[in-house]
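Just model_11.txt here, compact mmCIF, C-alpha atoms and all ligand atoms:
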# COMPACT_ATOMS: atom_id res chain seq x y z
CA MET A 187 -66.46 53.29 39.47
CA SER A 188 -65.71 49.76 38.39
CA VAL A 189 -65.49 47.60 35.28
CA ALA A 190 -69.30 47.71 35.14
CA ASP A 191 -69.10 51.51 34.52
CA LEU A 192 -66.71 51.28 31.54
CA PRO A 193 -67.54 53.69 28.70
CA ALA A 194 -69.13 52.04 25.65
CA GLY A 195 -66.59 50.55 23.28
CA VAL A 196 -63.84 50.03 25.89
CA ARG A 197 -62.95 46.34 26.18
CA PRO A 198 -62.92 45.32 29.86
CA LEU A 199 -59.92 43.56 31.37
CA ARG A 200 -61.61 40.68 33.16
CA ARG A 201 -58.71 38.82 34.75
CA PHE A 202 -55.36 40.05 36.07
CA ALA A 203 -52.12 38.35 37.01
CA VAL A 204 -49.77 40.28 39.30
CA LEU A 205 -46.20 39.01 39.01
CA GLY A 206 -44.19 39.89 42.11
CA ALA A 207 -45.44 39.59 45.70
CA GLY A 208 -43.33 42.24 47.41
CA SER A 209 -44.88 45.29 49.12
CA TRP A 210 -46.31 46.89 46.02
CA GLY A 211 -47.25 43.77 44.05
CA THR A 212 -49.17 42.37 47.04
CA THR A 213 -50.81 45.74 47.74
CA PHE A 214 -51.80 46.23 44.11
CA ALA A 215 -53.28 42.72 43.98
CA LYS A 216 -55.36 43.69 47.04
CA VAL A 217 -56.49 46.87 45.25
CA LEU A 218 -57.61 44.82 42.23
CA ALA A 219 -59.42 42.31 44.42
CA ASP A 220 -61.12 45.14 46.33
CA ALA A 221 -62.16 46.63 42.98
CA GLY A 222 -63.89 43.34 42.19
CA THR A 223 -61.38 42.34 39.50
CA PRO A 224 -60.39 38.65 39.55
CA VAL A 225 -56.63 38.46 40.20
CA THR A 226 -53.95 35.85 40.84
CA LEU A 227 -50.70 36.90 42.53
CA TRP A 228 -47.42 35.20 41.62
CA ALA A 229 -44.84 34.91 44.41
CA ARG A 230 -41.29 33.72 43.88
CA ARG A 231 -41.42 31.63 47.04
CA GLU A 232 -43.98 28.89 47.69
CA GLU A 233 -44.34 29.83 51.38
CA VAL A 234 -45.33 33.40 50.48
CA ALA A 235 -47.96 32.12 48.02
CA GLU A 236 -49.34 29.79 50.71
CA GLN A 237 -49.47 32.56 53.34
CA VAL A 238 -51.42 34.84 50.98
CA THR A 239 -53.91 32.17 49.91
CA LYS A 240 -54.41 30.38 53.23
CA GLU A 241 -53.69 32.97 55.95
CA HIS A 242 -54.48 36.09 53.84
CA ARG A 243 -51.17 37.55 54.98
CA ASN A 244 -47.80 38.50 53.54
CA HIS A 245 -45.82 38.47 56.78
CA GLU A 246 -42.53 39.68 55.32
CA TYR A 247 -43.71 42.62 53.21
CA LEU A 248 -47.05 43.70 54.75
CA PRO A 249 -47.02 42.31 58.29
CA ASP A 250 -50.02 44.27 59.59
CA VAL A 251 -52.36 43.80 56.62
CA LEU A 252 -55.21 41.33 56.30
CA LEU A 253 -55.54 40.56 52.58
CA PRO A 254 -58.86 39.85 50.81
CA ALA A 255 -60.07 36.29 51.36
CA ASP A 256 -60.55 35.81 47.60
CA LEU A 257 -56.96 36.81 46.72
CA HIS A 258 -55.28 33.67 45.41
CA ALA A 259 -51.51 33.41 45.11
CA THR A 260 -49.30 30.82 43.45
CA ALA A 261 -45.59 30.20 42.94
CA ASP A 262 -46.38 28.80 39.47
CA ALA A 263 -46.21 31.62 36.91
CA SER A 264 -48.06 29.55 34.29
CA GLU A 265 -50.99 29.17 36.67
CA ALA A 266 -51.03 32.93 37.36
CA LEU A 267 -50.88 33.75 33.64
CA ASP A 268 -53.55 31.27 32.58
CA GLY A 269 -56.49 33.26 31.20
CA ALA A 270 -55.04 36.64 32.25
CA GLU A 271 -56.13 39.59 30.12
CA ALA A 272 -53.71 41.92 31.93
CA VAL A 273 -50.34 41.13 33.47
CA VAL A 274 -48.93 43.47 36.10
CA LEU A 275 -45.15 43.49 36.51
CA ALA A 276 -44.25 44.25 40.13
CA LEU A 277 -40.55 43.46 40.28
CA PRO A 278 -37.48 45.58 41.00
CA ALA A 279 -36.54 47.48 37.83
CA GLN A 280 -33.18 45.79 37.34
CA ARG A 281 -34.75 42.31 37.62
CA LEU A 282 -37.56 42.89 35.11
CA ARG A 283 -35.77 41.84 31.91
CA GLU A 284 -34.48 38.46 33.14
CA ASN A 285 -37.91 37.49 34.49
CA LEU A 286 -39.81 38.65 31.42
CA GLU A 287 -37.46 36.67 29.18
CA HIS A 288 -38.42 33.62 31.21
CA TRP A 289 -42.17 34.33 31.02
CA ARG A 290 -42.59 35.75 27.51
CA GLY A 291 -43.54 32.43 25.85
CA ARG A 292 -46.38 32.05 28.35
CA LEU A 293 -47.94 35.51 27.98
CA PRO A 294 -51.48 35.25 26.54
CA ALA A 295 -51.83 36.78 23.04
CA GLY A 296 -52.94 40.43 23.04
CA VAL A 297 -52.45 40.73 26.80
CA THR A 298 -52.19 44.17 28.40
CA LEU A 299 -48.88 44.61 30.24
CA VAL A 300 -48.81 47.00 33.20
CA SER A 301 -45.52 48.13 34.70
CA LEU A 302 -45.32 49.12 38.37
CA ALA A 303 -41.52 49.35 38.52
CA LYS A 304 -39.81 52.71 38.93
CA GLY A 305 -36.35 52.70 37.43
CA VAL A 306 -34.16 52.98 34.36
CA GLU A 307 -32.31 49.86 33.24
CA ARG A 308 -28.57 49.91 33.82
CA GLY A 309 -26.51 49.49 30.67
CA THR A 310 -29.34 49.94 28.12
CA LEU A 311 -30.71 53.14 29.77
CA LEU A 312 -34.21 51.95 28.82
CA ARG A 313 -37.38 52.86 30.69
CA MET A 314 -39.40 49.90 31.98
CA SER A 315 -42.05 50.10 29.22
CA GLU A 316 -39.22 50.04 26.68
CA VAL A 317 -37.72 46.94 28.31
CA ILE A 318 -41.16 45.29 28.24
CA ARG A 319 -41.66 46.10 24.56
CA GLU A 320 -38.15 44.99 23.62
CA VAL A 321 -38.45 41.62 25.39
CA THR A 322 -42.06 40.77 24.49
CA GLY A 323 -42.45 42.52 21.11
CA ALA A 324 -45.64 44.18 22.45
CA ALA A 325 -47.04 47.23 20.66
CA ALA A 326 -46.87 50.58 22.51
CA GLY A 327 -50.65 50.52 23.00
CA ASP A 328 -50.43 47.17 24.83
CA VAL A 329 -48.17 48.55 27.57
CA ALA A 330 -49.38 50.73 30.45
CA VAL A 331 -47.50 52.24 33.34
CA LEU A 332 -48.98 52.90 36.78
CA SER A 333 -47.18 55.56 38.79
CA GLY A 334 -47.93 58.17 41.43
CA PRO A 335 -47.56 58.98 45.14
CA ASN A 336 -48.15 55.35 46.07
CA LEU A 337 -46.42 54.24 49.27
CA ALA A 338 -47.61 50.64 49.48
CA GLY A 339 -48.13 50.57 53.27
CA GLU A 340 -50.59 53.47 53.20
CA ILE A 341 -52.58 52.01 50.29
CA ALA A 342 -52.68 48.58 51.96
CA ALA A 343 -54.17 50.40 54.98
CA GLU A 344 -56.78 51.79 52.55
CA GLN A 345 -55.75 55.43 52.98
CA PRO A 346 -57.17 57.63 50.15
CA THR A 347 -54.62 57.80 47.33
CA ALA A 348 -54.54 58.89 43.68
CA THR A 349 -52.39 57.50 40.90
CA VAL A 350 -51.89 57.66 37.14
CA VAL A 351 -52.37 54.94 34.51
CA ALA A 352 -50.36 56.00 31.48
CA CYS A 353 -50.78 54.41 28.06
CA VAL A 354 -50.66 55.75 24.51
CA ASP A 355 -53.90 53.84 23.88
CA HIS A 356 -56.49 55.83 25.85
CA ASP A 357 -59.08 53.03 25.88
CA ARG A 358 -56.51 50.65 27.31
CA ALA A 359 -55.65 53.15 30.05
CA VAL A 360 -59.36 53.50 30.83
CA ALA A 361 -59.76 49.71 31.05
CA VAL A 362 -56.87 49.46 33.56
CA GLN A 363 -58.19 52.52 35.43
CA HIS A 364 -61.61 50.94 35.95
CA ALA A 365 -60.13 47.56 36.91
CA CYS A 366 -58.21 49.09 39.84
CA SER A 367 -60.55 51.83 41.02
CA THR A 368 -61.75 51.43 44.63
CA GLY A 369 -63.18 53.56 47.42
CA TYR A 370 -59.61 54.37 48.52
CA PHE A 371 -57.63 54.20 45.25
CA LYS A 372 -58.34 56.72 42.48
CA PRO A 373 -56.52 56.26 39.17
CA TYR A 374 -56.38 59.04 36.55
CA THR A 375 -55.35 58.36 32.95
CA ASN A 376 -52.58 60.07 31.00
CA ALA A 377 -51.19 59.47 27.49
CA ASP A 378 -47.69 60.61 28.54
CA VAL A 379 -45.88 57.35 29.28
CA VAL A 380 -42.42 58.95 29.10
CA GLY A 381 -43.26 61.67 31.65
CA CYS A 382 -44.94 59.28 34.10
CA GLU A 383 -42.11 56.75 33.94
CA LEU A 384 -39.31 59.27 34.29
CA GLY A 385 -41.14 61.05 37.10
CA GLY A 386 -41.32 57.74 39.00
CA ALA A 387 -37.73 56.69 38.33
CA CYS A 388 -36.08 60.05 39.01
CA LYS A 389 -37.96 60.93 42.21
CA ASN A 390 -36.26 57.96 43.89
CA VAL A 391 -32.88 59.64 43.37
CA ILE A 392 -34.12 62.97 44.70
CA ALA A 393 -35.60 61.13 47.73
CA LEU A 394 -32.13 59.70 48.37
CA ALA A 395 -30.80 63.27 48.32
CA CYS A 396 -33.52 64.44 50.75
CA GLY A 397 -32.83 61.52 53.07
CA THR A 398 -29.11 62.26 52.91
CA ALA A 399 -29.76 65.89 53.85
CA ALA A 400 -31.88 64.77 56.80
CA GLY A 401 -29.11 62.36 57.86
CA LEU A 402 -26.70 65.30 57.80
CA GLY A 403 -29.03 67.09 60.21
CA TYR A 404 -30.50 69.59 57.75
CA GLY A 405 -34.16 70.64 58.06
CA ASP A 406 -37.15 71.57 55.95
CA ASN A 407 -35.62 74.45 53.97
CA THR A 408 -32.98 72.09 52.61
CA ALA A 409 -35.58 69.43 51.85
CA ALA A 410 -37.87 71.89 50.05
CA SER A 411 -34.91 73.27 48.08
CA LEU A 412 -33.93 69.75 46.98
CA ILE A 413 -37.51 68.79 46.10
CA THR A 414 -38.03 71.92 44.02
CA ARG A 415 -34.67 71.88 42.26
CA GLY A 416 -35.09 68.12 41.87
CA LEU A 417 -38.37 68.70 40.08
CA ALA A 418 -36.58 71.16 37.77
CA GLU A 419 -34.00 68.45 36.93
CA ILE A 420 -36.59 65.75 36.39
CA SER A 421 -38.69 68.05 34.19
CA ARG A 422 -35.70 69.11 32.06
CA LEU A 423 -34.71 65.50 31.46
CA ALA A 424 -38.24 64.22 30.84
CA VAL A 425 -39.07 67.03 28.39
CA ALA A 426 -35.79 66.42 26.54
CA LEU A 427 -36.92 62.80 26.14
CA GLY A 428 -40.34 63.78 24.79
CA ALA A 429 -42.51 64.15 27.93
CA GLU A 430 -45.13 66.85 28.48
CA GLN A 431 -44.03 69.46 31.05
CA LEU A 432 -47.50 69.34 32.65
CA THR A 433 -47.14 65.64 33.52
CA LEU A 434 -44.26 66.51 35.84
CA ALA A 435 -46.52 68.92 37.75
CA GLY A 436 -49.00 66.07 38.25
CA LEU A 437 -49.33 62.97 40.43
CA ALA A 438 -46.56 60.98 38.72
CA GLY A 439 -44.21 63.98 38.93
CA MET A 440 -44.54 66.41 41.80
CA GLY A 441 -47.03 64.17 43.64
CA ASP A 442 -44.71 61.19 43.87
CA LEU A 443 -41.69 63.40 44.48
CA VAL A 444 -43.28 65.08 47.51
CA ALA A 445 -44.57 61.79 48.97
CA THR A 446 -41.29 59.92 48.56
CA CYS A 447 -39.02 62.75 49.67
CA SER A 448 -41.09 63.45 52.80
CA SER A 449 -42.24 60.05 54.03
CA PRO A 450 -40.53 57.95 56.69
CA LEU A 451 -42.07 54.97 54.83
CA SER A 452 -39.96 55.62 51.73
CA ARG A 453 -37.11 53.15 51.37
CA ASN A 454 -35.18 55.62 49.22
CA ARG A 455 -35.45 58.37 51.80
CA ARG A 456 -34.51 55.99 54.62
CA PHE A 457 -31.52 54.75 52.62
CA GLY A 458 -30.42 58.34 52.04
CA GLU A 459 -30.62 59.05 55.79
CA CYS A 460 -28.12 56.24 56.34
CA LEU A 461 -25.78 57.72 53.71
CA GLY A 462 -26.10 61.14 55.35
CA ARG A 463 -25.11 59.63 58.69
CA GLY A 464 -21.90 58.45 57.04
CA MET A 465 -22.71 54.83 56.10
CA SER A 466 -21.47 53.27 52.88
CA VAL A 467 -23.98 51.82 50.39
CA ALA A 468 -23.24 48.31 51.71
CA GLU A 469 -23.80 49.43 55.32
CA ALA A 470 -27.01 51.25 54.37
CA GLU A 471 -28.25 48.11 52.56
CA GLU A 472 -27.65 46.07 55.69
CA ALA A 473 -29.36 48.66 57.89
CA ASN A 474 -32.40 48.53 55.57
CA HIS A 475 -32.57 44.71 55.69
CA GLY A 476 -31.67 44.35 52.01
CA GLN A 477 -34.83 46.27 50.93
CA VAL A 478 -34.80 47.76 47.44
CA ALA A 479 -33.92 51.46 47.16
CA GLU A 480 -34.45 51.80 43.44
CA GLY A 481 -32.68 55.17 43.24
CA VAL A 482 -29.37 53.57 44.22
CA LYS A 483 -29.67 51.11 41.33
CA SER A 484 -30.88 53.65 38.75
CA CYS A 485 -28.92 56.82 39.58
CA ASP A 486 -26.01 56.05 37.27
CA ALA A 487 -28.33 55.14 34.36
CA ILE A 488 -30.39 58.31 34.88
CA GLY A 489 -27.21 60.42 35.07
CA GLU A 490 -25.92 58.84 31.86
CA LEU A 491 -29.28 59.39 30.12
CA ALA A 492 -29.10 63.06 31.09
CA ARG A 493 -25.50 63.37 29.90
CA ARG A 494 -26.37 61.83 26.52
CA HIS A 495 -29.21 64.32 26.08
CA GLY A 496 -27.15 67.31 27.23
CA VAL A 497 -29.30 67.86 30.33
CA ASP A 498 -27.78 69.25 33.53
CA THR A 499 -28.77 67.11 36.58
CA PRO A 500 -26.53 68.19 39.46
CA ILE A 501 -28.55 66.51 42.25
CA VAL A 502 -28.68 63.18 40.41
CA ASP A 503 -24.93 63.43 39.78
CA ALA A 504 -24.29 64.24 43.44
CA VAL A 505 -26.27 61.18 44.57
CA ARG A 506 -24.49 58.99 42.02
CA ARG A 507 -21.08 60.09 43.33
CA VAL A 508 -22.04 59.49 46.97
CA CYS A 509 -23.40 56.02 46.09
CA ALA A 510 -20.19 55.24 44.19
CA GLY A 511 -18.18 56.23 47.27
CA GLU A 512 -16.38 58.96 45.29
CA VAL A 513 -17.26 61.75 47.68
CA SER A 514 -18.82 62.16 51.13
CA ALA A 515 -22.40 63.34 51.61
CA LYS A 516 -21.20 66.49 53.40
CA GLU A 517 -18.73 67.38 50.63
CA VAL A 518 -21.28 66.94 47.88
CA GLY A 519 -23.82 69.04 49.78
CA ASP A 520 -21.28 71.84 50.04
CA GLU A 521 -20.56 71.55 46.31
CA LEU A 522 -24.26 71.84 45.43
CA ILE A 523 -24.83 75.00 47.50
CA ASN A 524 -21.68 76.57 46.05
CA ARG A 525 -22.56 76.02 42.39
CA GLU A 526 -22.59 79.11 40.16
CA LEU A 527 -25.37 81.65 40.81
CA LYS A 528 -28.05 81.89 38.12
CA VAL A 529 -31.63 82.72 37.20
CA GLU A 530 -34.25 80.26 38.52
N1 LIG B 601 -43.31 49.59 47.72
C1 LIG B 601 -43.89 50.68 47.25
O1 LIG B 601 -44.43 51.48 48.01
C2 LIG B 601 -43.88 50.95 45.77
C3 LIG B 601 -44.84 51.82 45.25
C4 LIG B 601 -44.82 52.13 43.90
C5 LIG B 601 -43.88 51.54 43.08
N2 LIG B 601 -42.98 50.69 43.60
C6 LIG B 601 -42.03 50.08 42.67
O2 LIG B 601 -42.45 48.75 42.40
C7 LIG B 601 -41.32 47.91 42.17
C8 LIG B 601 -41.39 46.72 43.10
O3 LIG B 601 -41.33 47.26 44.39
P1 LIG B 601 -41.77 46.50 45.71
O4 LIG B 601 -41.96 47.54 46.72
O5 LIG B 601 -42.89 45.57 45.49
O6 LIG B 601 -40.41 45.73 46.02
P2 LIG B 601 -40.15 44.68 47.13
O7 LIG B 601 -38.72 44.70 47.44
O8 LIG B 601 -41.12 44.86 48.24
O9 LIG B 601 -40.52 43.31 46.39
C9 LIG B 601 -39.91 42.91 45.23
C10 LIG B 601 -40.49 41.59 44.79
O10 LIG B 601 -39.69 41.10 43.70
C11 LIG B 601 -39.19 39.83 44.03
N3 LIG B 601 -37.85 39.70 43.47
C12 LIG B 601 -36.72 40.29 43.89
N4 LIG B 601 -35.69 39.90 43.09
C13 LIG B 601 -36.22 39.09 42.19
C14 LIG B 601 -35.70 38.35 41.11
N5 LIG B 601 -34.42 38.38 40.79
N6 LIG B 601 -36.55 37.60 40.38
C15 LIG B 601 -37.86 37.54 40.68
N7 LIG B 601 -38.42 38.22 41.68
C16 LIG B 601 -37.61 38.97 42.42
C17 LIG B 601 -39.18 39.74 45.53
O11 LIG B 601 -39.24 38.38 45.94
C18 LIG B 601 -40.44 40.51 45.87
O12 LIG B 601 -41.57 39.69 45.75
C19 LIG B 601 -40.09 48.80 42.38
O13 LIG B 601 -39.62 49.26 41.14
C20 LIG B 601 -40.63 49.97 43.20
O14 LIG B 601 -39.92 51.17 42.96
C21 LIG B 601 -42.97 50.36 44.92
O1 LIG B 602 -40.37 53.24 49.26
P1 LIG B 602 -39.85 53.85 48.01
O2 LIG B 602 -38.84 54.93 48.25
O3 LIG B 602 -39.41 52.80 47.03
O4 LIG B 602 -41.08 54.61 47.30
C1 LIG B 602 -42.27 53.92 47.09
C2 LIG B 602 -43.13 54.54 46.00
O5 LIG B 602 -42.45 54.62 44.78
C3 LIG B 602 -43.73 55.86 46.38
O6 LIG B 602 -44.62 56.27 45.37

Would you mind writing the file's structure down as structure tokens?
Amino acid sequence: MSVADLPAGVRPLRRFAVLGAGSWGTTFAKVLADAGTPVTLWARREEVAEQVTKEHRNHEYLPDVLLPADLHATADASEALDGAEAVVLALPAQRLRENLEHWRGRLPAGVTLVSLAKGVERGTLLRMSEVIREVTGAAAGDVAVLSGPNLAGEIAAEQPTATVVACVDHDRAVAVQHACSTGYFKPYTNADVVGCELGGACKNVIALACGTAAGLGYGDNTAASLITRGLAEISRLAVALGAEQLTLAGLAGMGDLVATCSSPLSRNRRFGECLGRGMSVAEAEEANHGQVAEGVKSCDAIGELARRHGVDTPIVDAVRRVCAGEVSAKEVGDELINRELKVE
């Protein structure tokens, strides 16, 4: 499947810009290039752009990966955006607004905006597609979200992986789907933007909890209990915010939750392991070389969103309190297991 196989009437997206050359932005640019879609990658630092274009490497984020020879990168956002019909936003969730504000005057008219970030904005409690629409004035049908069990390192190694492209405009979702479909990357479409985004943001917090449990020395029963009860929390919150229950049983819900909670590649899980071993957030950040663990940044916003909608999210609240240094990992684990008994 490629752009050439697009159903009649669906307008192809012929050129992409990927803004953000971290692990996922670089990997997704590779996916697009491998799908035969022309793409320019924007990197914040000139030396990263040069490495990608000249050496076909991103030494810092994907040290073992040889990138496609035709993947061009630049540190000039205007150059990346020139002629782009779709712009992919591959930045940490809490950094999206400030960068978009900087770029919005340069976005081509009618461009499709695709969010890769998994988080909820602190302070505003907005999902990433809502931030994008608020800053750019884009219509809902112009904004797509790509989310699923997508650990960048495995995809960069071309291991078979599925994902979801969510957009309220089905044709737009199909156009993005075809632009990034390769022999190793299989995108499905979904109209449920709310469910896909909340699945992606909330699973990071549950992965922190699973990592914490592992750091405390607990095994697979504890992990499975957290994953399953975590899915119940995520589903309750997402449905209260308008999502379809079924989305949370899909790739952007359960799929991403299982991958992130189980994988040693997950930065959220690794960060949680440090917390479980007794480190503070600052110590865990240092141990993880300053890498983003989105759940740490979003857990208070997700907890507040749940509180405002009257949704009970005990695991999210537990993670928030550990991250805030209010309680130890061991204490909060004991609290969770000793909550009142009830029907599943
Ligand atoms: N890495 C993955 O496996 C993966 C998979 C799916 C989704 N995501 C999500 O994608 C988003 C980006 O993740 P990533 O893994 O690429 O992160 P990363 O830490 O690997 O890279 C982040 C990129 O953003 C840039 N950046 C950081 N602060 C910035 C700022 N203030 N202004 C401009 N640029 C800045 C960095 O230079 C880097 O290029 C996150 O929300 C993450 O949850 C990641
Ligand atoms: O490494 P993490 O924990 O940020 O997770 C990466 C992806 O979101 C997995 O789908």

Padding 3 Å on every side, please: axis-aligned box over the listed atoms of ligand LIG 602 (chain B), centre and edge lengths to one decimal in Å, as lines of an AutoDock Vina configuration file.
center_x = -41.7
center_y = 54.5
center_z = 47.0
size_x = 11.8
size_y = 9.5
size_z = 10.5

Using only C-alpha atoms, determine which residues lie at most 8 Å from Ala387 (chain A), disregarding the query and same-chain residues fewer than 5 positions distant; provide the list as JSON, numbers by chain. {"A": [304, 305, 306, 480, 481, 484]}

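Selection of all polymer residues within 8 Å of ligand LIG 602 (chain B) on the basis of only C-alpha atoms and all ligand atoms gives Lys304, Ser333, Gly334, Pro335, Asn336, Leu337, Ala338, Gly386, Asn390, Ala393, Asp442, Leu443, Ala445, Thr446, Cys447, Leu451, Ser452, Arg453, Asn454, Arg455, Arg456, Val478, Ala479, Glu480 and Gly481 of chain A.
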
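Counting from CA of His245 (chain A), the distance to atom P1 of ligand LIG 601 (chain B) is 14.3 Å.
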
Counting all atoms listed in the file, what is within 12 Å of Arg493 (chain A), bar same-chain residues fewer than 2 positions away, as JSON, numbers by chain? {"A": [311, 422, 423, 426, 486, 487, 488, 489, 490, 491, 495, 496, 497, 498, 499, 500, 502, 503]}

Might you pull out every residue within 7 Å of region 355-358 of chain A, with all atoms listed in the file counted and same-chain residues fewer than 2 positions away left off, and present them as a PyMOL selection string? chain A and resi 196+327+353+360-362+377

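When only C-alpha atoms are used to compute distances to Ala395 (chain A), the closest of the residues A:Ala259, A:Ala409, A:Ala330, A:Leu275 turns out to be A:Ala409.
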
Find the residues near Asp250 (chain A): any atom within 10 Å, counting only C-alpha atoms, skip ones fewer than 4 places away on the same chain, and give them as a ChimeraX atom specification. /A:243-246,339,342-343

Output C-alpha atoms for every residue in that selection, as a short mmCIF file (atom, residue, chain, number, x, y, z; two decimals), in the coordinates of the input.
data_model
loop_
_atom_site.label_atom_id
_atom_site.label_comp_id
_atom_site.auth_asym_id
_atom_site.auth_seq_id
_atom_site.Cartn_x
_atom_site.Cartn_y
_atom_site.Cartn_z
CA ARG A 243 -51.17 37.55 54.98
CA ASN A 244 -47.80 38.50 53.54
CA HIS A 245 -45.82 38.47 56.78
CA GLU A 246 -42.53 39.68 55.32
CA GLY A 339 -48.13 50.57 53.27
CA ALA A 342 -52.68 48.58 51.96
CA ALA A 343 -54.17 50.40 54.98
#

Fewer than 4 positions away in the same chain doesn't count, so skip those; otherwise give me all residues within 12 Å of Ser466 (chain A), counting only C-alpha atoms, as an NGL selection string. :A and (398 or 457-462 or 470-473 or 482 or 507-515)

Protein and nucleic acid residues near (-58.4, 42.9, 34.3) (cut-off 8 Å, all atoms listed in the file) as a list in words: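 Residues close enough to count: Pro198, Leu199, Arg200, Arg201, Phe202, Thr223, Pro224, Val225, Ala270, Glu271, Ala272, Ala361, Val362 and Ala365 of chain A.
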
Kindly work out which residues sit at most 6 Å from ligand LIG 601 (chain B), using all atoms listed in the file, and give the list as a PyMOL selection string. chain A and resi 206-211+229-230+276-279+281+302-304+336-338+477-478+480

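Nearest residue to Leu293 (chain A), choosing from A:Leu205, A:Leu312, A:Ala221, A:Ala261 and counting only C-alpha atoms: A:Leu205.
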
Which residue, A:Leu286, A:Ser411, A:Gly439, A:Ala325, has the smallest gap to Glu530 (chain A) when you use only C-alpha atoms?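 Closest candidate: A:Ser411.
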
Selected residue of minimal separation from Ala348 (chain A) among A:Gly441, A:Gln431, A:Val380, A:Glu316, counting only C-alpha atoms: A:Gly441
